[in-house]
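Novice: First, the structure itself, so that you have it in front of you.
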Amino acid sequence: MSKKKAVIRSDMTRAQWTWKEMKRNKVAYVMVAPYMLIFTLFTVVPVLLSVVISFTDFNLLEMPNVVFFDNYIRLFLDDDIFMTACQNTLIFAVIVGPASYIMSLMVAWFINELPPKIRAIVTLIFYAPSISGQVYLIWGTLFSGDSYGWVNGILLDLGLITEEIQWFQDADYVMPLCIVVAIWTSLGTSFLSFIAGLQGIDRSMYEAGAVDGVRNRWQELWYITLPSMKPQLMFGAVMSITSAFGFGGVVTALCGFPSVDYAAHTIMHHLDDYGGMRFEVGYSSAIAVVLFAIMIGANMLVKKVLSKVGQ
Amino acid sequence: MKKTKFQRILAFVLAFGFLFGGAVSAGAANETAERSSLAQIREQLNAISYEEYVAKYGDVDDDGQPLFPRAEEDIVIDATNTDPEKGAYYAGYTPVGSNDATKGAYFTNEAGYMGLFTPSSGTVSWKVNIPADAKYSIVIEYWPDAAKETSIERILKINDEIPFAEARFLTLPKIYTTIAPEAKVTDPEGEISVQTLYEEALAAGFEARIANAGSEGTYVAVTSPTVWTSAMADYVTKYEVRFFTDDIDDNELRAKMEQTPEWRSYELRDADGFYAESFEFVFKAGWQTISLEAVNESMTIKSIRLIRHQDMISYEEYKAKHPNATSGHDTVLIQAEYVGATSSKNIYPVEDRSDAATMPSSTDRVLLNTIGGDKWQTAGQWVRYTFKVDSSGFYNIAARYRQNVLDGMYVCRRLTIVGGEYNGAVPFKEASELRFNYDSNWQSTLFNNGDTDENGNLKNYEFYFEAGVEYTIEMEVTLGSMGDIVRRVDASLASINKDYLDIMKLTGANPDEYRDYGFNRIMPDTMIDMINQSVALYQIAAELEAVTGEKSSNVATLERVAWLLDRMGKNEDEVAKYLDQLKSYIGTLGTWVGDAKTQPLQLDYIVIQPLEGEAPQAEAGFFASLWHEIRSFIMSFFRNYNRMGATSEESDDAETVEVWLAYGRDQAQVIRNLINNDFTPDTGVNVNLKLVAGGTLLPSVLAGMGPDVYIGIGQGDVINYAIRGALVPIENMPDFDKIALGTYVDENGVEHDNSAGRQFNDAAMLTLGIADSSGVFHYYGLPETQNFNMMFVRKDILADLNVEIPKTWDDVLAAIPVLQANNMQIGMHTDYKIFLYQMGGELFADEGMRINLDSNVGLEAFDTMCNYFTMYSFPYKYDFANRFRTGEMPIGFASYNGTYNHLTVFATEIKGLWAFYPMPGIESDEDLDGDGKTDINNVSVSSVSAICIMNGCSNEAGSWEFMKWHAGAECQIDYSNEMVAIIGPSAKHATANIQALDQMPWTNEEYTQIMFQFEHLASIPNYPGSYIIDRYTGFAFLAAYEDNADPITELKSYINTINKEITRKRQEFELETLEIGQTLTQKRIDQLLAAYESDYAAANEALQAAADAVKTHVDTGIEELNDQLLRQAAQNFSEIDANAFAKTIEALNNAATVIAKNN
């Protein structure tokens, strides 16, 4: 009697196995298809395309020519402003990224302690700056260079200054101000995900922790709360890093383009400068590729760091 | 009375004499023509208000009789009478300055009667003999000239003096009539035959015919009537007759409106509508001079009548005229959109879809079913309807209207009637301010003025109309009783503004609130005035509340200002603290006055109806409204907003020119109409006009789906696109050189001067062209708009401070201490280019291969600019319009068109107090225009936006035709006038077409200034890499401004960076480049030396080879001598240059021949 032998993994080539598994799970593939399609079309393809374009001299209007590594060579060896931009971006990322991350976490933690109704309201208050798009423009009014700008007006009234200060046109003030604004607007998605994560933690864990000898709130935070919300922490970190590296629009809106003496010129600005103003899309794609690489690197670093949480 | 031959000749001689006299004085006045002097300004501004004027001449003598009583008898001045024997006579014409290009005033018979034509500039005067001291009202009988679309403005002077300030702004309306197309009448259900419809139309009194619409069968074509009757009105209502043409989606299109001049009498009154009654002018006995100075537009004057001012009769007196009349029995409903005539093109039919009860209404197509709204809102604007009734008697007039703008207030209309017993005046006093109340919805009312009878019911006025008599009712915007309130607020505002300036002169704009300035001691008048103004404003607020019956936000605004003034006036310690707030309140008050002056009213229809009738239904019922809203929502998915107004189907065929423009819908609509009416009929080229969002061009070109022609591309982008091959060069298009260049070459190759025929100046064209890599210069676009900075000046403040209007930068420097001593500033952009070009420099050197800022002139220009900010503390950031309005910044340099438009609507309270002039200049040692004097170089730097043909265009010839037409003078004139007509005076268009400029809706004075600046323009070519310059000069400036760095050192430190970028960018396009630090001259010399050297080296080598060959032979004595070596040497020489080395070559060949023979 011939018994049909069960098919096992080692009987098949890898491709056969994959195909078989795919057939078995076809419903899942159908479900994921719409997202994958859109994701590929609007995220993967553009990224790949920009890698390709970065090896050409594309100018948006004419057929591109392949220039091989010329763009990268120029970028790293013959572009002082790119170096300034890298420096500014790193400063932004190093200060704004962690600062906003920690702030989000702390605020979320504190808010989580509030009664539900008040919590909803306070959440909205903290989240408001990042949902109401252009609201950072209030900083433009506050620190307007006009002698009737709020800060200038107050300082002039108090006699601390005799002539108005061009806050957003003065290389000394531009960077610090932009960092402050960036932190102010950064309580965004990561903050919301933290709140969600905090609420998703099983209360019984705390009881178990108390039984097992957790002595204070800090220990509770470190050993129970944070490890339980690692996925949210990861998500928040990725968002913080990405937004810190991609910071640019707010600077342009406040300081103009480019900022004075490139004082707050980030890689995003540099990219805009070449892609938008100078029609050098090939070169700006090269910048984008570099920025992309930096972001991936930073994310991997963050992953490493986060794996230490709770240990 | 027939004129004698002698009189005619005399008139002629006189007219000629004045003309000639004008011309002579014009020549002499060359230097002063450009800017009016302080004395002139003072004379213009220092007039008392009408209120003060009335008070001044209101004295009575000992017997209680007024010193200046109302005149007993009217005096008529025949405008064309030149004979003093016959009484009042014409005393001549005085032109303005040297630039007055008009023919002057002359007698003309063109309008049917003999009249005096007065041009749009200059002054005409009459002498009149006044029998005794008296007050007269003045009526001018005039014929408005159909020229520009602006109203006629005049200044009245008596004995060369402006009697009161309001006489500076006399505005005489024009008359516009709609050219209504025939209405197509068919029965939608098809139940009633065309013949029946036709017969009914004839029976109703229409002019009608049966017309054939081809495949759709026949219809009745009904002509729009001039006089409405009830039968006509019923017919129109019954069959929804629409006197409009439709576009392809059945949307109604605005009909054309034309100026239809007629002889018209206008009793001089306040143009702002502040005074309800007409002006009364005081005349002393004896010969007096009356002059009219033209500000805007020409007109023909038939007569000027000085009349005794008549008081209007009361309603009771009016009713008593027809004691036995009863109610009429007729109902005439006139759709408001079928207006007989209007005073301005602004008032045109508009769509209303907000209410189902609007007659007619539709949810799926545009019906222009109402008229007015925010276009019919400034004092003096009127609409007119003509009708007749079938039975005599008293009638009510009702209107369905909407006034949803002035919250808690009402708007007024003044009703005048012509026909029958009415002579064109207001029939009774109450009709001079009919009231229309505020509500967010549509309302209906019988005409009333808000007065109530003893029972508290509104008094509805009855009007007597005779059967069969044509009556024309005219509804004119008037401020009514609000006029007085607004005027007082306006006067108060002027006074408060002066107080503010006085305080600011002492303390500066940011006073120290802890310092004791001693206001009570230093400026007691100002302090008292603030308290007075506070009292006045409280008083006005109370009156306003009483009149409107509610405490609206408008009342609150006045009270807030009053409170602040009271506080400041009574506590001198708080003046400094509240000064900033006072400033912002001045702005608020200005806006208040501006808003209160507007009296918007939208009309759906008016009904002349019997007395027993109620006011018509104002709003649709609940279910009708609901259904209307649902349908509107659904239909909004089907309405095609992009092609609204298109009269032919879009076609994709290659011959149709696709034009994109990124302006507003109004602009697109106007251009589309012009294309439909002028361009396509004239050229046969079909145009597909699309309104796109800005920034669409680049993606569409990238996707290969761009338009054929694009309107409104910035000058920088023209070159950006052109250099990357996305635009079609146009210099070889037919007539290009004739319209755009200073010279043109005819078909025989002869060059002609074209300075008179060209439509664009060099400054505009320079920015739209660039040389390609082989050095051939191409043009890529025609300029559409051209903008540049001019100097805006608050004349009143400069006159007050005794500062002449600056002509040169030295004058500006001289003005700075005076202004700054009064805590005032000058508004200037950080624009070194003006100084650079005024000093005779240029931004680029060597055809754009390097920047010229490291030259002496470049550095000096930059340094000069920086000094204004560092040494003279000019503000770097400021809101010009705001500070100009308060007077803090009485001088500023700003874009002439944008700033003018902004100030016109934003700062109405300083109307007439400001003007713009050409930029101050630098006095040069040279005589630029060859008049024997050194000149002031007051060049301003212009920038343009252009219209261009995109590469891949399928019909280049057609596209070029369109481009030429659109940028051409005729289209630009029509377009500008149309924009001003439909949007208002703030929609002035900065055309680049110099031929079109004099027909633009500018006043004569404005035109003179703009034209002067147009003749003194420079511009900066857009060489590759230009974008980098402003960036680094900006950095250099900020370093100098903030850190007190030396501007010259700073600028120099960026020169290499700039040049490097320029070189890099030029390499990208394979254009010639320079090494850093090199000039083109140097490069050419180096190239010369190198060429010489390489040539020389080759020759030397060849010679050496030949010599070697011969020498080898001689030295070695080898028998088999090779002549080939010598021939080769000769060959080498001829390759280098056969001519230059002809002798050497010959010698070598000869030697070779000899050697060959020897062998």
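We name chains A, B, ... following the order of the structure tokens; residues begin at 1 in each chain, and ligands are numbered from 1 as shown.
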What are the residues of chain B lining chain A at 8 Å or less? Count only C-alpha atoms, and put the answer as a list in words.

Specialist: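 Result, ordered by chain then number: Asn510, Pro511, Asp512, Glu513, Val701, Leu702, Tyr721, Arg724, Gly725, Ala726, Pro875, Tyr876, Lys877, Tyr878, Tyr1027, Arg1031, Tyr1032, Gly1034, Phe1035, Leu1038 and Glu1042 of chain B.
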
Novice: Which residues come within 9 Å of His265 of chain A, counting only C-alpha atoms, excluding same-chain residues fewer than 6 positions away, as a list in words?

Specialist: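 Result of the neighbour search: Ile81, Phe82, Thr84, Ala85, Cys86, Asn88, Thr89, Gly248, Val251, Phe257, Pro258 and Ser259 of chain A.
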
Novice: Give me, as a PDB file with N, CA and C atoms, in the first residue's frame, all polymer residues having an atom no more than 12 Å from Ile241 of chain A, counting only C-alpha atoms and skipping those fewer than 3 positions away in the same chain.

Specialist:
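Listed below is the output, around36.pdb:
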```
ATOM      1  N   THR A  89      22.404  69.513   9.754  1.00  0.00           N
ATOM      2  CA  THR A  89      21.433  68.429   9.865  1.00  0.00           C
ATOM      3  C   THR A  89      21.745  67.550  11.059  1.00  0.00           C
ATOM      4  N   LEU A  90      23.032  67.254  11.227  1.00  0.00           N
ATOM      5  CA  LEU A  90      23.412  66.405  12.349  1.00  0.00           C
ATOM      6  C   LEU A  90      23.108  67.091  13.674  1.00  0.00           C
ATOM      7  N   PHE A  92      20.828  69.310  14.220  1.00  0.00           N
ATOM      8  CA  PHE A  92      19.384  69.219  14.358  1.00  0.00           C
ATOM      9  C   PHE A  92      18.979  67.843  14.868  1.00  0.00           C
ATOM     10  N   ALA A  93      19.502  66.815  14.163  1.00  0.00           N
ATOM     11  CA  ALA A  93      19.079  65.462  14.473  1.00  0.00           C
ATOM     12  C   ALA A  93      19.476  65.081  15.888  1.00  0.00           C
ATOM     13  N   VAL A  94      20.698  65.457  16.254  1.00  0.00           N
ATOM     14  CA  VAL A  94      21.202  65.046  17.565  1.00  0.00           C
ATOM     15  C   VAL A  94      20.454  65.767  18.685  1.00  0.00           C
ATOM     16  N   ILE A  95      20.126  67.029  18.454  1.00  0.00           N
ATOM     17  CA  ILE A  95      19.420  67.759  19.516  1.00  0.00           C
ATOM     18  C   ILE A  95      17.915  67.505  19.448  1.00  0.00           C
ATOM     19  N   VAL A  96      17.344  67.756  18.280  1.00  0.00           N
ATOM     20  CA  VAL A  96      15.891  67.704  18.167  1.00  0.00           C
ATOM     21  C   VAL A  96      15.369  66.273  18.294  1.00  0.00           C
ATOM     22  N   GLY A  97      16.020  65.324  17.624  1.00  0.00           N
ATOM     23  CA  GLY A  97      15.545  63.943  17.640  1.00  0.00           C
ATOM     24  C   GLY A  97      15.373  63.427  19.055  1.00  0.00           C
ATOM     25  N   PRO A  98      16.463  63.259  19.801  1.00  0.00           N
ATOM     26  CA  PRO A  98      16.337  62.754  21.166  1.00  0.00           C
ATOM     27  C   PRO A  98      15.489  63.651  22.056  1.00  0.00           C
ATOM     28  N   ALA A  99      15.694  64.969  21.938  1.00  0.00           N
ATOM     29  CA  ALA A  99      14.945  65.870  22.818  1.00  0.00           C
ATOM     30  C   ALA A  99      13.448  65.668  22.628  1.00  0.00           C
ATOM     31  N   SER A 100      13.027  65.659  21.381  1.00  0.00           N
ATOM     32  CA  SER A 100      11.589  65.537  21.146  1.00  0.00           C
ATOM     33  C   SER A 100      11.121  64.148  21.543  1.00  0.00           C
ATOM     34  N   TYR A 101      12.003  63.151  21.360  1.00  0.00           N
ATOM     35  CA  TYR A 101      11.649  61.784  21.702  1.00  0.00           C
ATOM     36  C   TYR A 101      11.421  61.650  23.202  1.00  0.00           C
ATOM     37  N   SER A 186       7.424  69.158  17.440  1.00  0.00           N
ATOM     38  CA  SER A 186       7.737  67.754  17.191  1.00  0.00           C
ATOM     39  C   SER A 186       6.893  66.781  18.006  1.00  0.00           C
ATOM     40  N   SER A 190       4.634  60.362  17.242  1.00  0.00           N
ATOM     41  CA  SER A 190       5.270  59.487  18.218  1.00  0.00           C
ATOM     42  C   SER A 190       4.626  59.665  19.594  1.00  0.00           C
ATOM     43  N   MET A 234       9.829  51.974  19.216  1.00  0.00           N
ATOM     44  CA  MET A 234      10.526  51.843  17.939  1.00  0.00           C
ATOM     45  C   MET A 234       9.907  52.776  16.907  1.00  0.00           C
ATOM     46  N   PHE A 235       8.569  52.695  16.847  1.00  0.00           N
ATOM     47  CA  PHE A 235       7.855  53.533  15.882  1.00  0.00           C
ATOM     48  C   PHE A 235       8.157  55.015  16.135  1.00  0.00           C
ATOM     49  N   GLY A 236       8.070  55.384  17.418  1.00  0.00           N
ATOM     50  CA  GLY A 236       8.322  56.778  17.777  1.00  0.00           C
ATOM     51  C   GLY A 236       9.723  57.198  17.393  1.00  0.00           C
ATOM     52  N   ALA A 237      10.673  56.305  17.619  1.00  0.00           N
ATOM     53  CA  ALA A 237      12.060  56.646  17.324  1.00  0.00           C
ATOM     54  C   ALA A 237      12.251  56.866  15.837  1.00  0.00           C
ATOM     55  N   VAL A 238      11.675  55.971  15.057  1.00  0.00           N
ATOM     56  CA  VAL A 238      11.819  56.112  13.610  1.00  0.00           C
ATOM     57  C   VAL A 238      11.207  57.440  13.154  1.00  0.00           C
ATOM     58  N   ALA A 244      13.511  64.610  12.170  1.00  0.00           N
ATOM     59  CA  ALA A 244      14.644  65.472  12.499  1.00  0.00           C
ATOM     60  C   ALA A 244      15.561  65.636  11.293  1.00  0.00           C
ATOM     61  N   PHE A 245      15.734  64.562  10.540  1.00  0.00           N
ATOM     62  CA  PHE A 245      16.588  64.670   9.349  1.00  0.00           C
ATOM     63  C   PHE A 245      15.884  65.411   8.227  1.00  0.00           C
ATOM     64  N   GLY A 246      14.595  65.226   8.166  1.00  0.00           N
ATOM     65  CA  GLY A 246      13.863  65.842   7.069  1.00  0.00           C
ATOM     66  C   GLY A 246      13.393  67.246   7.380  1.00  0.00           C
ATOM     67  N   PHE A 247      13.852  67.817   8.465  1.00  0.00           N
ATOM     68  CA  PHE A 247      13.421  69.146   8.894  1.00  0.00           C
ATOM     69  C   PHE A 247      13.885  70.196   7.895  1.00  0.00           C
ATOM     70  N   LEU A 291      21.223  61.272   1.945  1.00  0.00           N
ATOM     71  CA  LEU A 291      20.349  61.502   3.091  1.00  0.00           C
ATOM     72  C   LEU A 291      19.629  60.214   3.483  1.00  0.00           C
ATOM     73  N   PHE A 292      19.188  59.485   2.477  1.00  0.00           N
ATOM     74  CA  PHE A 292      18.506  58.221   2.687  1.00  0.00           C
ATOM     75  C   PHE A 292      19.423  57.254   3.448  1.00  0.00           C
ATOM     76  N   ILE A 294      21.982  58.014   5.320  1.00  0.00           N
ATOM     77  CA  ILE A 294      22.192  58.483   6.694  1.00  0.00           C
ATOM     78  C   ILE A 294      21.004  58.099   7.571  1.00  0.00           C
ATOM     79  N   MET A 295      19.799  58.286   7.047  1.00  0.00           N
ATOM     80  CA  MET A 295      18.607  57.978   7.840  1.00  0.00           C
ATOM     81  C   MET A 295      18.555  56.497   8.186  1.00  0.00           C
ATOM     82  N   ILE A 296      18.851  55.641   7.203  1.00  0.00           N
ATOM     83  CA  ILE A 296      18.825  54.199   7.471  1.00  0.00           C
ATOM     84  C   ILE A 296      19.843  53.853   8.547  1.00  0.00           C
ATOM     85  N   GLY A 297      21.022  54.444   8.403  1.00  0.00           N
ATOM     86  CA  GLY A 297      22.066  54.201   9.395  1.00  0.00           C
ATOM     87  C   GLY A 297      21.601  54.617  10.780  1.00  0.00           C
ATOM     88  N   ALA A 298      21.020  55.805  10.859  1.00  0.00           N
ATOM     89  CA  ALA A 298      20.569  56.317  12.149  1.00  0.00           C
ATOM     90  C   ALA A 298      19.493  55.413  12.746  1.00  0.00           C
ATOM     91  N   ASN A 299      18.602  54.926  11.878  1.00  0.00           N
ATOM     92  CA  ASN A 299      17.551  54.052  12.379  1.00  0.00           C
ATOM     93  C   ASN A 299      18.105  52.749  12.935  1.00  0.00           C
ATOM     94  N   MET A 300      19.136  52.233  12.251  1.00  0.00           N
ATOM     95  CA  MET A 300      19.731  50.992  12.746  1.00  0.00           C
ATOM     96  C   MET A 300      20.379  51.214  14.105  1.00  0.00           C
ATOM     97  N   LEU A 301      21.018  52.362  14.228  1.00  0.00           N
ATOM     98  CA  LEU A 301      21.649  52.714  15.497  1.00  0.00           C
ATOM     99  C   LEU A 301      20.606  52.774  16.610  1.00  0.00           C
ATOM    100  N   VAL A 302      19.492  53.413  16.294  1.00  0.00           N
ATOM    101  CA  VAL A 302      18.429  53.558  17.286  1.00  0.00           C
ATOM    102  C   VAL A 302      17.889  52.203  17.710  1.00  0.00           C
ATOM    103  N   LYS A 303      17.750  51.314  16.733  1.00  0.00           N
ATOM    104  CA  LYS A 303      17.277  49.968  17.024  1.00  0.00           C
ATOM    105  C   LYS A 303      18.187  49.302  18.051  1.00  0.00           C
TER     106      LYS A 303
END
```

Novice: Which of segment 430-642 of chain B end up as strand (DSSP E) when DSSP is run on this backbone - answer as a list in words?

Specialist: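 The residues of segment 430-642 of chain B classed as strand (DSSP E) are Leu434, Arg435, Phe436, Asn437, Gln443, Ser444, Thr445, Leu446, Glu462, Phe463, Tyr464, Phe465, Tyr471, Thr472, Ile473, Glu474, Met475, Glu476, Val477, Thr478, Leu601, Gln602, Leu603, Asp604, Tyr605, Ile606, Val607, Ile608 and Gln609 of chain B.
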
Novice: If we count only C-alpha atoms and set the cut-off at 12 Å, which residues sit around Ile713 of chain B, ignoring sequence neighbours fewer than 2 positions away in its own chain? Please answer as an MDAnalysis selection string.

Specialist: chainID B and resid 660:663 694:698 709:711 715:722 727 768 780:786 943:950

Novice: Taking N, CA, C and O atoms for each residue, export the selection above as a compact mmCIF listing (two decimals), in the first residue's frame.

Specialist:
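Generated output (again.txt):
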```txt
# COMPACT_ATOMS: atom_id res chain seq x y z
N TRP B 660 -2.35 78.49 -21.73
CA TRP B 660 -2.55 78.35 -20.29
C TRP B 660 -2.27 79.68 -19.63
O TRP B 660 -1.36 80.40 -20.04
N LEU B 661 -3.03 79.96 -18.61
CA LEU B 661 -2.64 81.11 -17.79
C LEU B 661 -2.94 80.82 -16.34
O LEU B 661 -3.86 80.06 -16.02
N ALA B 662 -2.14 81.37 -15.48
CA ALA B 662 -2.25 81.07 -14.06
C ALA B 662 -2.69 82.30 -13.28
O ALA B 662 -2.10 82.65 -12.28
N TYR B 663 -3.70 83.01 -13.76
CA TYR B 663 -4.24 84.15 -13.02
C TYR B 663 -5.56 83.73 -12.37
O TYR B 663 -5.84 82.56 -12.23
N GLY B 694 -0.77 77.92 -10.49
CA GLY B 694 0.64 78.23 -10.66
C GLY B 694 1.49 77.01 -10.35
O GLY B 694 1.12 76.17 -9.53
N GLY B 695 2.62 76.88 -11.01
CA GLY B 695 3.48 75.74 -10.73
C GLY B 695 3.12 74.49 -11.51
O GLY B 695 3.73 73.44 -11.32
N THR B 696 2.11 74.60 -12.39
CA THR B 696 1.70 73.43 -13.16
C THR B 696 2.60 73.23 -14.37
O THR B 696 2.64 72.15 -14.94
N LEU B 697 3.27 74.30 -14.77
CA LEU B 697 3.96 74.26 -16.06
C LEU B 697 5.07 73.22 -16.08
O LEU B 697 5.15 72.41 -17.00
N LEU B 698 5.89 73.22 -15.05
CA LEU B 698 7.06 72.34 -15.06
C LEU B 698 6.66 70.86 -15.13
O LEU B 698 7.14 70.15 -16.02
N VAL B 709 1.06 77.85 -25.61
CA VAL B 709 1.45 79.19 -25.18
C VAL B 709 1.18 79.30 -23.70
O VAL B 709 0.16 78.80 -23.21
N TYR B 710 2.09 79.94 -22.98
CA TYR B 710 1.88 80.14 -21.55
C TYR B 710 1.94 81.63 -21.25
O TYR B 710 2.85 82.33 -21.69
N ILE B 711 0.96 82.10 -20.51
CA ILE B 711 0.90 83.52 -20.17
C ILE B 711 1.31 83.70 -18.72
O ILE B 711 0.82 82.97 -17.85
N GLN B 715 10.42 86.32 -15.58
CA GLN B 715 11.56 86.49 -16.49
C GLN B 715 12.66 85.47 -16.22
O GLN B 715 13.31 85.01 -17.14
N GLY B 716 12.85 85.09 -14.95
CA GLY B 716 13.89 84.12 -14.64
C GLY B 716 13.56 82.76 -15.23
O GLY B 716 14.42 82.09 -15.80
N ASP B 717 12.28 82.40 -15.15
CA ASP B 717 11.89 81.10 -15.67
C ASP B 717 11.95 81.04 -17.18
O ASP B 717 12.19 79.98 -17.75
N VAL B 718 11.72 82.19 -17.83
CA VAL B 718 11.82 82.19 -19.29
C VAL B 718 13.19 81.65 -19.70
O VAL B 718 13.31 80.75 -20.53
N ILE B 719 14.23 82.18 -19.06
CA ILE B 719 15.58 81.75 -19.43
C ILE B 719 15.84 80.33 -18.94
O ILE B 719 16.45 79.52 -19.65
N ASN B 720 15.36 80.02 -17.74
CA ASN B 720 15.51 78.65 -17.24
C ASN B 720 14.95 77.63 -18.21
O ASN B 720 15.55 76.59 -18.46
N TYR B 721 13.77 77.91 -18.74
CA TYR B 721 13.16 76.97 -19.68
C TYR B 721 13.88 77.03 -21.02
O TYR B 721 14.12 76.00 -21.64
N ALA B 722 14.17 78.25 -21.45
CA ALA B 722 14.73 78.42 -22.79
C ALA B 722 16.08 77.71 -22.92
O ALA B 722 16.34 77.01 -23.89
N LEU B 727 11.58 76.17 -24.79
CA LEU B 727 10.83 77.26 -25.41
C LEU B 727 11.26 77.44 -26.87
O LEU B 727 12.37 77.10 -27.25
N LEU B 768 14.50 88.82 -21.72
CA LEU B 768 13.83 87.66 -22.31
C LEU B 768 14.67 86.99 -23.39
O LEU B 768 14.17 86.19 -24.16
N TYR B 780 12.97 84.73 -26.45
CA TYR B 780 12.08 83.62 -26.18
C TYR B 780 10.68 84.04 -25.73
O TYR B 780 9.83 83.20 -25.49
N GLY B 781 10.45 85.31 -25.55
CA GLY B 781 9.11 85.67 -25.08
C GLY B 781 8.83 87.14 -25.32
O GLY B 781 9.74 87.94 -25.58
N LEU B 782 7.56 87.51 -25.27
CA LEU B 782 7.17 88.91 -25.31
C LEU B 782 6.72 89.30 -23.90
O LEU B 782 6.02 88.54 -23.25
N PRO B 783 7.12 90.49 -23.46
CA PRO B 783 6.75 90.90 -22.10
C PRO B 783 5.26 91.20 -21.99
O PRO B 783 4.69 91.78 -22.90
N GLU B 784 4.68 90.78 -20.89
CA GLU B 784 3.27 91.08 -20.67
C GLU B 784 3.14 92.19 -19.62
O GLU B 784 2.53 93.20 -19.86
N THR B 785 3.73 91.95 -18.45
CA THR B 785 3.72 93.02 -17.46
C THR B 785 5.16 93.44 -17.20
O THR B 785 6.08 92.67 -17.37
N GLN B 786 5.31 94.68 -16.78
CA GLN B 786 6.64 95.19 -16.44
C GLN B 786 6.49 96.01 -15.17
O GLN B 786 5.70 96.94 -15.13
N SER B 943 11.41 94.50 -13.85
CA SER B 943 11.33 93.07 -14.10
C SER B 943 10.03 92.79 -14.83
O SER B 943 9.06 93.53 -14.66
N VAL B 944 10.01 91.76 -15.63
CA VAL B 944 8.83 91.52 -16.45
C VAL B 944 8.28 90.13 -16.21
O VAL B 944 8.96 89.24 -15.70
N SER B 945 7.02 89.95 -16.58
CA SER B 945 6.52 88.60 -16.75
C SER B 945 6.12 88.50 -18.21
O SER B 945 5.76 89.50 -18.83
N ALA B 946 6.22 87.30 -18.75
CA ALA B 946 6.18 87.20 -20.20
C ALA B 946 5.16 86.18 -20.68
O ALA B 946 4.55 85.46 -19.90
N ILE B 947 5.00 86.17 -21.97
CA ILE B 947 4.17 85.18 -22.63
C ILE B 947 5.08 84.49 -23.64
O ILE B 947 5.86 85.14 -24.33
N CYS B 948 5.05 83.16 -23.68
CA CYS B 948 6.02 82.48 -24.53
C CYS B 948 5.42 81.23 -25.16
O CYS B 948 4.37 80.73 -24.73
N ILE B 949 6.09 80.73 -26.19
CA ILE B 949 5.64 79.53 -26.90
C ILE B 949 6.46 78.34 -26.42
O ILE B 949 7.69 78.39 -26.39
N MET B 950 5.78 77.28 -26.02
CA MET B 950 6.49 76.11 -25.51
C MET B 950 6.94 75.23 -26.67
O MET B 950 6.27 75.15 -27.70
```

Novice: Which one is closest to Tyr176 of chain B: B:Thr260, B:Ser440, B:Asn369, B:Asn677? Count only C-alpha atoms.

Specialist: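 Nearest candidate to Tyr176 of chain B out of B:Thr260, B:Ser440, B:Asn369, B:Asn677: B:Thr260.
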
Novice: Can you pull out every residue within 7 Å of Ala467 of chain B, counting only C-alpha atoms, but drop anything in the same chain fewer than 2 positions away, and send it as a PyMOL selection string?

Specialist: chain B and resi 388-392+465+469
